[in-house]
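S.K.: Following this line is my_file-v7.txt, made up of compact mmCIF, C-alpha atoms and all ligand atoms:
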```txt
# COMPACT_ATOMS: atom_id res chain seq x y z
CA MET A 11 0.00 0.00 0.00
CA LYS A 12 1.02 3.60 -0.48
CA TYR A 13 1.15 5.44 2.80
CA ILE A 14 2.19 8.87 4.06
CA VAL A 15 3.48 9.29 7.60
CA THR A 16 3.40 12.87 8.86
CA GLY A 17 5.85 13.45 11.69
CA GLY A 18 7.70 10.39 10.38
CA ALA A 19 11.07 11.70 11.56
CA GLY A 20 9.85 11.87 15.16
CA PHE A 21 9.79 9.30 17.93
CA VAL A 22 6.51 7.52 17.13
CA GLY A 23 6.59 8.30 13.41
CA SER A 24 10.04 6.82 12.78
CA ASN A 25 9.13 3.58 14.59
CA LEU A 26 5.95 3.37 12.53
CA VAL A 27 7.84 4.02 9.27
CA LYS A 28 10.19 1.13 10.09
CA LEU A 29 7.26 -1.22 10.67
CA LEU A 30 5.59 -0.15 7.42
CA VAL A 31 8.80 -0.58 5.41
CA ASN A 32 9.38 -4.02 6.97
CA GLN A 33 5.89 -5.01 5.89
CA GLY A 34 6.69 -3.98 2.31
CA HIS A 35 4.65 -0.77 2.09
CA ASP A 36 5.57 2.25 0.00
CA VAL A 37 6.21 5.05 2.50
CA THR A 38 6.61 8.80 2.17
CA VAL A 39 7.50 10.83 5.23
CA ILE A 40 6.28 14.39 5.61
CA ASP A 41 8.06 16.30 8.37
CA ASN A 42 9.40 19.81 8.85
CA LEU A 43 12.09 18.51 11.26
CA HIS A 44 10.88 20.78 14.04
CA THR A 45 11.79 18.13 16.63
CA GLY A 46 12.19 15.16 14.30
CA LYS A 47 15.57 14.05 13.03
CA LYS A 48 16.47 12.45 9.71
CA GLU A 49 18.90 10.17 11.61
CA ASN A 50 15.87 8.49 13.14
CA LEU A 51 15.23 7.11 9.66
CA ASP A 52 18.82 6.13 8.81
CA SER A 53 18.08 2.41 8.74
CA VAL A 54 15.32 2.85 6.14
CA ASN A 55 16.23 6.04 4.29
CA LYS A 56 16.99 4.24 1.02
CA LYS A 57 13.56 2.65 1.05
CA ILE A 58 11.41 5.72 1.71
CA GLN A 59 10.81 9.18 0.35
CA PHE A 60 11.32 12.14 2.63
CA LYS A 61 9.62 15.51 2.09
CA ASN A 62 10.36 18.53 4.22
CA ILE A 63 6.85 19.95 4.38
CA ASP A 64 5.05 21.89 7.10
CA ILE A 65 1.56 20.47 7.67
CA ARG A 66 0.27 24.05 7.96
CA ASP A 67 1.01 24.48 4.25
CA TYR A 68 -2.24 23.26 2.63
CA GLU A 69 -1.14 23.81 -0.96
CA LEU A 70 2.03 21.79 -0.58
CA LEU A 71 0.13 19.04 1.20
CA GLU A 72 -2.46 19.03 -1.57
CA LYS A 73 0.25 18.30 -4.14
CA ASN A 74 1.49 15.35 -2.11
CA LEU A 75 -1.55 13.77 -0.50
CA LYS A 76 -3.06 12.15 -3.57
CA ASN A 77 -3.10 8.69 -5.08
CA ILE A 78 -2.40 7.17 -1.70
CA ASN A 79 -4.11 4.55 0.44
CA GLY A 80 -3.81 6.33 3.74
CA VAL A 81 -2.13 8.86 6.00
CA PHE A 82 -0.73 8.09 9.42
CA HIS A 83 -0.82 11.55 10.95
CA GLN A 84 1.69 11.85 13.79
CA ALA A 85 3.06 15.38 13.27
CA ALA A 86 2.32 17.73 16.13
CA LEU A 87 3.82 20.02 18.71
CA THR A 88 3.89 17.81 21.78
CA VAL A 89 5.34 19.58 24.82
CA VAL A 90 2.69 20.30 27.43
CA GLN A 91 4.65 22.98 29.34
CA ASP A 92 5.60 24.72 26.08
CA SER A 93 1.96 24.83 24.99
CA PHE A 94 1.17 27.31 27.79
CA ASN A 95 3.64 29.79 26.23
CA LYS A 96 2.67 29.22 22.60
CA PRO A 97 -1.04 28.35 22.49
CA LYS A 98 -1.53 29.87 19.03
CA GLU A 99 1.36 27.99 17.48
CA TYR A 100 0.09 24.78 19.09
CA HIS A 101 -3.38 25.43 17.68
CA ASP A 102 -2.02 26.18 14.19
CA VAL A 103 0.07 23.03 13.94
CA ASN A 104 -2.08 20.60 15.90
CA VAL A 105 -5.55 21.74 14.84
CA VAL A 106 -5.24 23.69 11.57
CA GLY A 107 -2.55 21.26 10.35
CA THR A 108 -4.72 18.27 11.27
CA GLU A 109 -7.75 19.77 9.55
CA ASN A 110 -5.63 20.14 6.39
CA ILE A 111 -5.12 16.38 6.43
CA PHE A 112 -8.83 15.68 7.06
CA LYS A 113 -9.86 18.07 4.25
CA LEU A 114 -7.59 16.28 1.82
CA ALA A 115 -8.81 12.88 3.01
CA HIS A 116 -12.28 14.07 2.06
CA LYS A 117 -11.15 15.45 -1.29
CA ASN A 118 -8.89 12.54 -2.28
CA ASN A 119 -10.64 9.69 -0.50
CA PHE A 120 -8.02 8.14 1.76
CA LYS A 121 -8.21 6.85 5.32
CA VAL A 122 -6.52 8.68 8.20
CA VAL A 123 -5.16 7.13 11.37
CA TYR A 124 -3.94 9.90 13.64
CA ALA A 125 -2.37 10.49 17.04
CA SER A 126 -4.78 11.73 19.63
CA SER A 127 -3.77 11.64 23.28
CA SER A 128 -4.86 10.60 26.75
CA SER A 129 -4.46 14.31 27.58
CA VAL A 130 -7.99 14.83 26.19
CA TYR A 131 -9.29 13.30 29.44
CA GLY A 132 -7.70 15.62 32.02
CA HIS A 133 -8.08 14.65 35.70
CA LYS A 134 -10.07 11.47 36.15
CA ASN A 135 -10.84 9.65 39.38
CA ASN A 136 -12.16 6.46 37.82
CA ILE A 137 -9.41 4.34 36.40
CA PRO A 138 -8.98 2.53 34.07
CA ILE A 139 -10.36 5.27 31.83
CA LYS A 140 -12.89 4.24 29.21
CA GLU A 141 -13.38 6.14 25.93
CA THR A 142 -16.85 7.18 27.11
CA GLU A 143 -15.37 9.29 29.95
CA SER A 144 -15.83 13.05 29.68
CA ARG A 145 -13.02 14.95 28.01
CA ASP A 146 -11.67 17.83 30.08
CA PRO A 147 -8.11 18.70 29.03
CA ILE A 148 -6.15 20.82 31.47
CA ASN A 149 -3.57 22.41 29.18
CA PRO A 150 -3.47 23.98 25.70
CA TYR A 151 -1.78 20.90 24.23
CA GLY A 152 -4.62 18.66 25.45
CA GLN A 153 -7.12 21.20 24.17
CA THR A 154 -5.64 20.96 20.66
CA LYS A 155 -6.09 17.19 20.77
CA LEU A 156 -9.70 17.64 21.88
CA ASP A 157 -10.29 20.19 19.09
CA ASP A 158 -9.00 17.55 16.67
CA GLU A 159 -11.58 15.11 18.03
CA TYR A 160 -14.33 17.67 17.31
CA LEU A 161 -12.97 17.80 13.75
CA VAL A 162 -13.11 14.01 13.62
CA LYS A 163 -16.83 14.20 14.36
CA LYS A 164 -17.37 16.79 11.63
CA TYR A 165 -15.37 14.98 8.95
CA SER A 166 -16.66 11.52 9.91
CA LYS A 167 -20.18 12.80 9.23
CA MET A 168 -18.94 13.83 5.79
CA GLY A 169 -17.89 10.21 5.16
CA VAL A 170 -14.18 10.52 5.89
CA LYS A 171 -12.60 7.43 7.43
CA ILE A 172 -10.71 8.58 10.51
CA ILE A 173 -9.42 6.56 13.43
CA GLY A 174 -8.01 8.53 16.37
CA LEU A 175 -5.66 6.67 18.69
CA ARG A 176 -5.54 8.14 22.17
CA TYR A 177 -1.98 7.27 23.11
CA PHE A 178 -1.10 7.09 26.79
CA ASN A 179 2.54 7.60 27.92
CA ILE A 180 4.86 6.20 25.30
CA PHE A 181 8.30 4.75 26.01
CA GLY A 182 11.01 3.29 23.82
CA LYS A 183 14.20 4.12 21.99
CA GLY A 184 14.50 7.36 20.07
CA GLN A 185 12.71 9.91 22.23
CA THR A 186 14.35 13.35 22.04
CA LEU A 187 15.68 14.07 25.50
CA GLU A 188 14.54 17.72 25.67
CA TYR A 189 10.97 16.71 24.95
CA ALA A 190 11.07 13.30 26.51
CA GLY A 191 8.77 11.62 28.96
CA VAL A 192 9.73 10.56 32.44
CA ILE A 193 11.29 7.22 31.47
CA THR A 194 13.83 8.76 29.09
CA LYS A 195 14.63 11.42 31.70
CA PHE A 196 15.12 8.84 34.48
CA LEU A 197 17.25 6.70 32.15
CA ASP A 198 19.42 9.67 31.29
CA ARG A 199 20.04 10.40 34.98
CA ILE A 200 20.74 6.76 35.85
CA LYS A 201 23.23 6.44 32.99
CA GLN A 202 25.12 9.34 34.58
CA ASN A 203 24.98 7.55 37.95
CA LYS A 204 22.56 10.20 39.23
CA ALA A 205 19.29 9.61 41.09
CA PRO A 206 16.01 10.10 39.19
CA ILE A 207 14.16 13.32 40.07
CA ILE A 208 10.51 12.89 41.01
CA PHE A 209 8.19 15.88 40.92
CA GLY A 210 5.69 15.47 43.77
CA ASP A 211 5.55 12.41 46.03
CA GLY A 212 5.68 9.86 43.20
CA SER A 213 2.17 8.56 43.81
CA GLN A 214 1.06 9.66 40.33
CA ILE A 215 -0.24 6.66 38.37
CA ARG A 216 0.84 6.24 34.76
CA ASP A 217 0.18 3.83 31.93
CA PHE A 218 3.29 3.30 29.80
CA ILE A 219 2.97 1.87 26.33
CA PHE A 220 5.82 0.67 24.13
CA VAL A 221 6.41 2.65 20.95
CA GLU A 222 6.52 -0.50 18.79
CA ASP A 223 3.11 -1.55 20.14
CA ILE A 224 1.86 1.90 19.15
CA ALA A 225 3.17 1.33 15.62
CA VAL A 226 1.31 -1.98 15.38
CA ALA A 227 -1.91 -0.34 16.65
CA ASN A 228 -1.59 2.23 13.84
CA LEU A 229 -1.20 -0.39 11.13
CA LEU A 230 -4.02 -2.61 12.44
CA SER A 231 -6.34 0.43 12.58
CA MET A 232 -5.45 1.41 9.03
CA GLU A 233 -6.01 -2.12 7.73
CA SER A 234 -9.21 -2.64 9.70
CA LYS A 235 -12.66 -2.35 8.18
CA ILE A 236 -13.57 0.00 11.06
CA GLU A 237 -13.96 3.45 9.53
CA ASN A 238 -14.46 5.78 12.49
CA LEU A 239 -13.35 5.34 16.07
CA LEU A 240 -11.61 7.20 18.90
CA VAL A 241 -9.85 4.59 20.95
CA ASN A 242 -7.41 4.27 23.87
CA ILE A 243 -3.96 2.87 23.18
CA GLY A 244 -2.18 2.09 26.42
CA SER A 245 -0.89 -0.93 28.30
CA GLY A 246 -3.86 -1.05 30.63
CA LYS A 247 -1.36 -1.64 33.48
CA PRO A 248 -0.84 1.04 36.11
CA ILE A 249 2.49 1.91 37.73
CA THR A 250 3.35 4.80 40.06
CA ILE A 251 6.22 7.13 39.30
CA LEU A 252 7.89 6.10 42.57
CA GLU A 253 7.61 2.40 41.62
CA LEU A 254 9.06 3.23 38.24
CA ALA A 255 12.04 5.07 39.76
CA ASN A 256 12.69 2.24 42.23
CA ILE A 257 12.47 -0.46 39.57
CA MET A 258 14.91 1.43 37.37
CA ILE A 259 17.33 1.88 40.25
CA LYS A 260 17.03 -1.84 41.08
CA PHE A 261 17.72 -2.94 37.49
CA SER A 262 20.65 -0.55 37.23
CA LYS A 263 22.19 -2.10 40.39
CA LEU A 264 23.27 1.38 41.48
CA LYS A 265 22.93 2.62 45.04
CA LEU A 266 20.67 5.58 44.42
CA LYS A 267 17.60 7.04 46.10
CA PRO A 268 15.06 9.13 44.15
CA ILE A 269 15.22 12.89 44.68
CA PHE A 270 11.87 14.57 45.35
CA LYS A 271 11.03 18.07 44.08
CA SER A 272 7.80 20.05 44.27
CA SER A 273 5.06 18.83 41.94
CA LEU A 274 4.53 20.33 38.51
CA ASP A 275 1.52 22.55 37.86
CA GLY A 276 -1.28 20.65 36.18
CA ASP A 277 0.31 17.22 36.56
CA ILE A 278 -2.30 14.48 36.12
CA GLN A 279 -2.64 12.27 39.21
CA LYS A 280 -4.10 9.14 37.63
CA SER A 281 -3.76 7.89 34.09
CA GLN A 282 -4.55 4.33 33.11
CA ALA A 283 -6.22 3.15 29.93
CA ASP A 284 -9.06 0.71 29.55
CA ILE A 285 -7.96 -1.00 26.34
CA THR A 286 -10.96 -3.27 25.78
CA LEU A 287 -12.19 -1.28 22.78
CA ALA A 288 -8.88 -1.50 20.87
CA ASN A 289 -8.72 -5.21 21.59
CA GLU A 290 -12.28 -5.83 20.44
CA ASN A 291 -12.07 -3.71 17.27
CA PHE A 292 -8.53 -4.25 16.06
CA ASN A 293 -7.57 -7.42 17.87
CA TRP A 294 -4.70 -5.35 19.28
CA LYS A 295 -2.87 -6.06 22.49
CA PRO A 296 0.38 -4.56 23.76
CA LYS A 297 3.24 -7.04 23.71
CA LYS A 298 6.00 -5.40 25.70
CA MET A 299 5.50 -4.14 29.24
CA VAL A 300 7.60 -1.33 30.61
CA THR A 301 9.32 -3.36 33.34
CA GLU A 302 10.48 -5.97 30.82
CA TRP A 303 11.89 -3.28 28.52
CA LEU A 304 13.63 -1.49 31.38
CA GLU A 305 15.27 -4.70 32.53
CA GLU A 306 16.64 -5.30 29.02
CA THR A 307 17.68 -1.68 28.57
CA LEU A 308 19.39 -1.23 31.91
CA LYS A 309 21.25 -4.52 31.70
CA ILE A 310 23.47 -3.28 28.87
N1 LIG B 401 5.11 10.56 23.06
C1 LIG B 401 3.99 10.42 23.78
O1 LIG B 401 4.02 9.94 24.94
C2 LIG B 401 2.66 10.81 23.18
C3 LIG B 401 1.52 10.62 23.96
C4 LIG B 401 0.28 10.95 23.41
C5 LIG B 401 0.19 11.45 22.12
N2 LIG B 401 1.33 11.65 21.40
C6 LIG B 401 1.20 12.16 20.03
O2 LIG B 401 1.89 11.30 19.15
C7 LIG B 401 2.39 12.03 18.03
C8 LIG B 401 3.87 11.76 17.88
O3 LIG B 401 4.55 12.21 19.05
P1 LIG B 401 6.10 11.97 19.29
O4 LIG B 401 6.27 11.60 20.71
O5 LIG B 401 6.63 11.07 18.24
O6 LIG B 401 6.66 13.44 19.11
P2 LIG B 401 7.91 13.96 18.23
O7 LIG B 401 8.12 15.39 18.60
O8 LIG B 401 9.06 13.01 18.36
O9 LIG B 401 7.33 13.85 16.76
C9 LIG B 401 6.53 14.83 16.17
C10 LIG B 401 7.03 15.02 14.76
O10 LIG B 401 6.20 16.01 14.11
C11 LIG B 401 7.06 16.89 13.38
N3 LIG B 401 6.38 18.18 13.24
C12 LIG B 401 6.11 19.08 14.22
N4 LIG B 401 5.48 20.16 13.68
C13 LIG B 401 5.35 19.92 12.35
C14 LIG B 401 4.79 20.65 11.26
N5 LIG B 401 4.26 21.86 11.44
N6 LIG B 401 4.83 20.10 10.03
C15 LIG B 401 5.40 18.89 9.81
N7 LIG B 401 5.94 18.14 10.80
C16 LIG B 401 5.94 18.67 12.06
C17 LIG B 401 8.32 16.98 14.21
O11 LIG B 401 9.45 17.44 13.49
C18 LIG B 401 8.47 15.53 14.70
O12 LIG B 401 9.22 14.76 13.78
C19 LIG B 401 2.04 13.49 18.30
O13 LIG B 401 0.85 13.81 17.61
C20 LIG B 401 1.81 13.52 19.80
O14 LIG B 401 0.93 14.57 20.17
C21 LIG B 401 2.56 11.33 21.89
```
Could you show the structure in this file as structure tokens?
Ligand SMILES: NC(=O)c1ccc[n+]([C@@H]2O[C@H](COP(=O)([O-])OP(=O)(O)OC[C@H]3O[C@@H](n4cnc5c(N)ncnc54)[C@H](O)[C@@H]3O)[C@@H](O)[C@H]2O)c1
M.R.:
Amino acid sequence: MKYIVTGGAGFVGSNLVKLLVNQGHDVTVIDNLHTGKKENLDSVNKKIQFKNIDIRDYELLEKNLKNINGVFHQAALTVVQDSFNKPKEYHDVNVVGTENIFKLAHKNNFKVVYASSSSVYGHKNNIPIKETESRDPINPYGQTKLDDEYLVKKYSKMGVKIIGLRYFNIFGKGQTLEYAGVITKFLDRIKQNKAPIIFGDGSQIRDFIFVEDIAVANLLSMESKIENLLVNIGSGKPITILELANIMIKFSKLKLKPIFKSSLDGDIQKSQADITLANENFNWKPKKMVTEWLEETLKI
């Protein structure tokens, strides 16, 4: 099949591109290299096409998003704290850019699988979180992902096939350190023989999902007969940040104790996905759990 991956030079996108290439698909990456890096695609760069395009540029997209089977839309600005300082830029890339893709899917009749986020939920007391929970994002980044879901409703009614995957916290190789999640940050500290820094008391619950499992969820959604769905993609398994830090210290065999700092504004207390819907619709299940991956990674 002929697929486009927007944000294909980023963390999720590059892992997805590798899966698609391995499965024999024809892949074109669209990325403006804002945070993405061409090196992330080194192992496949002879087998793909790369186009430096900004998803805000409708005309350029229009020239490229035709005669294709589908778009995996991963491109976005993704840093929660940054989104407070640049709400307009976040809206332009994450909402206007996403609508550009949806408009072209309507015009040129291709399916879209795109990256939504668990941040659409905001604070929730009932975990695991089901897709039917109310959506109350607590930062501009989460709001952009919710605005995208409103667009999904609009374009789905117009007959466009769109699947939105609400990713929970992703881990794996290739996350850019400056923008990385807690696991990459803890790993970076431990590799320097320094204790992980926990913001708050570490009781925050998270659901970590392996980037390669995310890639598989994308492909299964694209290949599925299901045309419209917003669905959680997480491990379904909760772990606290303190447990995470202690497990990492244990696997590293270093004598460290986590350092506690005051909690971050707007940090979510509980995040855990109910993944029944993804399993039922796409026959998808995560394969690698975070503890297993950490043990392998910290052993080396
Ligand atoms: N990493 C996570 O834990 C997580 C969780 C939930 C949702 N998501 C979503 O998954 C997607 C991928 O995230 P990621 O972690 O790989 O982030 P990333 O920053 O590694 O990748 C995003 C990619 O989009 C590109 N990009 C940014 N603005 C662009 C623009 N205007 N035009 C073209 N390309 C542009 C960047 O250069 C980068 O390659 C994003 O939509 C993000 O919101 C990620």
S.K.: Find the residues around A:Glu305 up to 12 Å (all atoms listed in the file counted), leave out those fewer than 2 positions away in its own chain, and share them as number ranges by chain.
M.R.: A: 197, 254, 257-263, 298-303, 307-310
S.K.: Excluding stretch 62-75 of chain A and its own-chain neighbours fewer than 3 positions away, which residues fall within 6 Å of it when counting all atoms listed in the file? Please give them as a VMD selection string.
M.R.: chain A and resid 40 to 42 107 110
S.K.: Would you give me, as a tab-separated table, each residue of chain A having an atom within 6 Å of an atom of ligand LIG 401 (chain B), along with its shortest atom pair and that distance in Å to one decimal, using only C-alpha atoms and all ligand atoms and sorting by chain and residue number?
M.R.:
```
residue	atom	partner	partner_atom	distance
A:Gly17	CA	B:LIG401	O10	3.5
A:Gly18	CA	B:LIG401	O12	5.7
A:Ala19	CA	B:LIG401	O12	4.2
A:Gly20	CA	B:LIG401	O12	3.3
A:Phe21	CA	B:LIG401	O5	3.6
A:Val22	CA	B:LIG401	O5	3.7
A:Gly23	CA	B:LIG401	O5	5.6
A:Asp41	CA	B:LIG401	N7	3.7
A:Asn42	CA	B:LIG401	C15	4.2
A:Leu43	CA	B:LIG401	O11	3.6
A:His44	CA	B:LIG401	O11	3.7
A:Thr45	CA	B:LIG401	O11	4.0
A:Gly46	CA	B:LIG401	O12	3.0
A:Ile63	CA	B:LIG401	C15	5.7
A:Asp64	CA	B:LIG401	N6	3.4
A:Ile65	CA	B:LIG401	N6	4.0
A:Arg66	CA	B:LIG401	N5	5.7
A:Gln84	CA	B:LIG401	C7	4.3
A:Ala85	CA	B:LIG401	O10	3.3
A:Ala86	CA	B:LIG401	O13	4.4
A:Leu87	CA	B:LIG401	C12	5.1
A:Thr88	CA	B:LIG401	O14	4.7
A:Val103	CA	B:LIG401	N5	5.0
A:Ala125	CA	B:LIG401	O13	4.7
A:Ser126	CA	B:LIG401	C5	5.6
A:Ser127	CA	B:LIG401	C4	4.1
A:Tyr177	CA	B:LIG401	C4	4.3
A:Phe178	CA	B:LIG401	C3	5.2
A:Asn179	CA	B:LIG401	O1	4.1
A:Ile180	CA	B:LIG401	O1	3.9
```
S.K.: Record the distance separating atom CA of A:Thr38 and atom CA of A:Asn25, expressed in Å with one decimal.
M.R.: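 Atom CA of A:Asn25 lies at a distance of 13.7 Å from atom CA of A:Thr38.
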S.K.: Quick one: residues within 10 Å of A:Leu287, all atoms listed in the file, excluding same-chain residues fewer than 2 positions away - as a short mmCIF file (atom, residue, chain, number, x, y, z; two decimals) with C-alpha atoms, keeping the file's coordinate frame?
M.R.:
```cif
data_model
loop_
_atom_site.label_atom_id
_atom_site.label_comp_id
_atom_site.auth_asym_id
_atom_site.auth_seq_id
_atom_site.Cartn_x
_atom_site.Cartn_y
_atom_site.Cartn_z
CA LYS A 140 -12.89 4.24 29.21
CA GLU A 141 -13.38 6.14 25.93
CA LEU A 239 -13.35 5.34 16.07
CA LEU A 240 -11.61 7.20 18.90
CA VAL A 241 -9.85 4.59 20.95
CA ASN A 242 -7.41 4.27 23.87
CA ILE A 243 -3.96 2.87 23.18
CA ASP A 284 -9.06 0.71 29.55
CA ILE A 285 -7.96 -1.00 26.34
CA ASN A 289 -8.72 -5.21 21.59
CA GLU A 290 -12.28 -5.83 20.44
CA ASN A 291 -12.07 -3.71 17.27
CA PHE A 292 -8.53 -4.25 16.06
CA ASN A 293 -7.57 -7.42 17.87
CA TRP A 294 -4.70 -5.35 19.28
#
```
S.K.: Please produce, as CSV, a per-residue contact table for stretch 129-175 of chain A versus stretch 207-215 of chain A (criterion: any atom at most 12 Å away, all atoms listed in the file considered), showing the nearest atom pair and its distance in Å to one decimal, sorted by chain then residue number.
M.R.:
```
residue,atom,partner,partner_atom,distance
A:His133,CA,A:Gln214,CA,11.4
A:Lys134,CA,A:Ile215,CA,11.2
A:Asn135,CA,A:Ile215,CA,11.1
A:Asn136,CA,A:Ile215,CA,11.9
A:Ile137,CA,A:Ile215,CA,9.7
A:Pro138,CA,A:Ile215,CA,10.6
```
S.K.: Taking into account all atoms listed in the file, which residue in the set A:Leu29, A:Ile58, A:Ile278, A:Val123 is nearest to A:Phe82?
M.R.: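 Using all atoms listed in the file, the shortest distance to A:Phe82 belongs to A:Val123.
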S.K.: Report the distance between atom CA of A:Asp217 and atom CA of A:Gln153 in Å, rounded to one decimal place.
M.R.: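 One can read the atom CA of A:Asp217 to atom CA of A:Gln153 distance as 20.4 Å.
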S.K.: If we count all atoms listed in the file, what is near A:Ile139 at a cut-off of 7 Å, once residues fewer than 4 positions away on the same chain are taken out, given as number ranges by chain?
M.R.: A: 143, 282-284
S.K.: Could you state the separation of atom CA of A:Asp36 and atom CA of A:Val226 in Å, given to one decimal place?
M.R.: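 Atom-to-atom, atom CA of A:Asp36 and atom CA of A:Val226 are spaced 16.5 Å apart.
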S.K.: Leaving out A:Asp275 and any residue of its chain fewer than 3 positions from it, which residues lie within 12 Å of it when counting all atoms listed in the file, given as a PyMOL selection string?
M.R.: chain A and resi 90-91+94+148-149+209-210+272+278-279
S.K.: Which polymer residues, protein or nucleic acid, are no farther than 9 Å from (14.6, 11.3, 48.1), counting all atoms listed in the file, as a list in words?
M.R.: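 Output: Ala205, Ile207, Ile208, Lys267, Pro268, Ile269, Phe270 and Lys271 of chain A.
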S.K.: With C-alpha atoms retained, could you export that selection as a PDB file, in the coordinates of the input?
M.R.:
```pdb
ATOM      1  CA  ALA A 205      19.290   9.610  41.090  1.00  0.00           C
ATOM      2  CA  ILE A 207      14.160  13.320  40.070  1.00  0.00           C
ATOM      3  CA  ILE A 208      10.510  12.890  41.010  1.00  0.00           C
ATOM      4  CA  LYS A 267      17.600   7.040  46.100  1.00  0.00           C
ATOM      5  CA  PRO A 268      15.060   9.130  44.150  1.00  0.00           C
ATOM      6  CA  ILE A 269      15.220  12.890  44.680  1.00  0.00           C
ATOM      7  CA  PHE A 270      11.870  14.570  45.350  1.00  0.00           C
ATOM      8  CA  LYS A 271      11.030  18.070  44.080  1.00  0.00           C
TER       9      LYS A 271
END
```
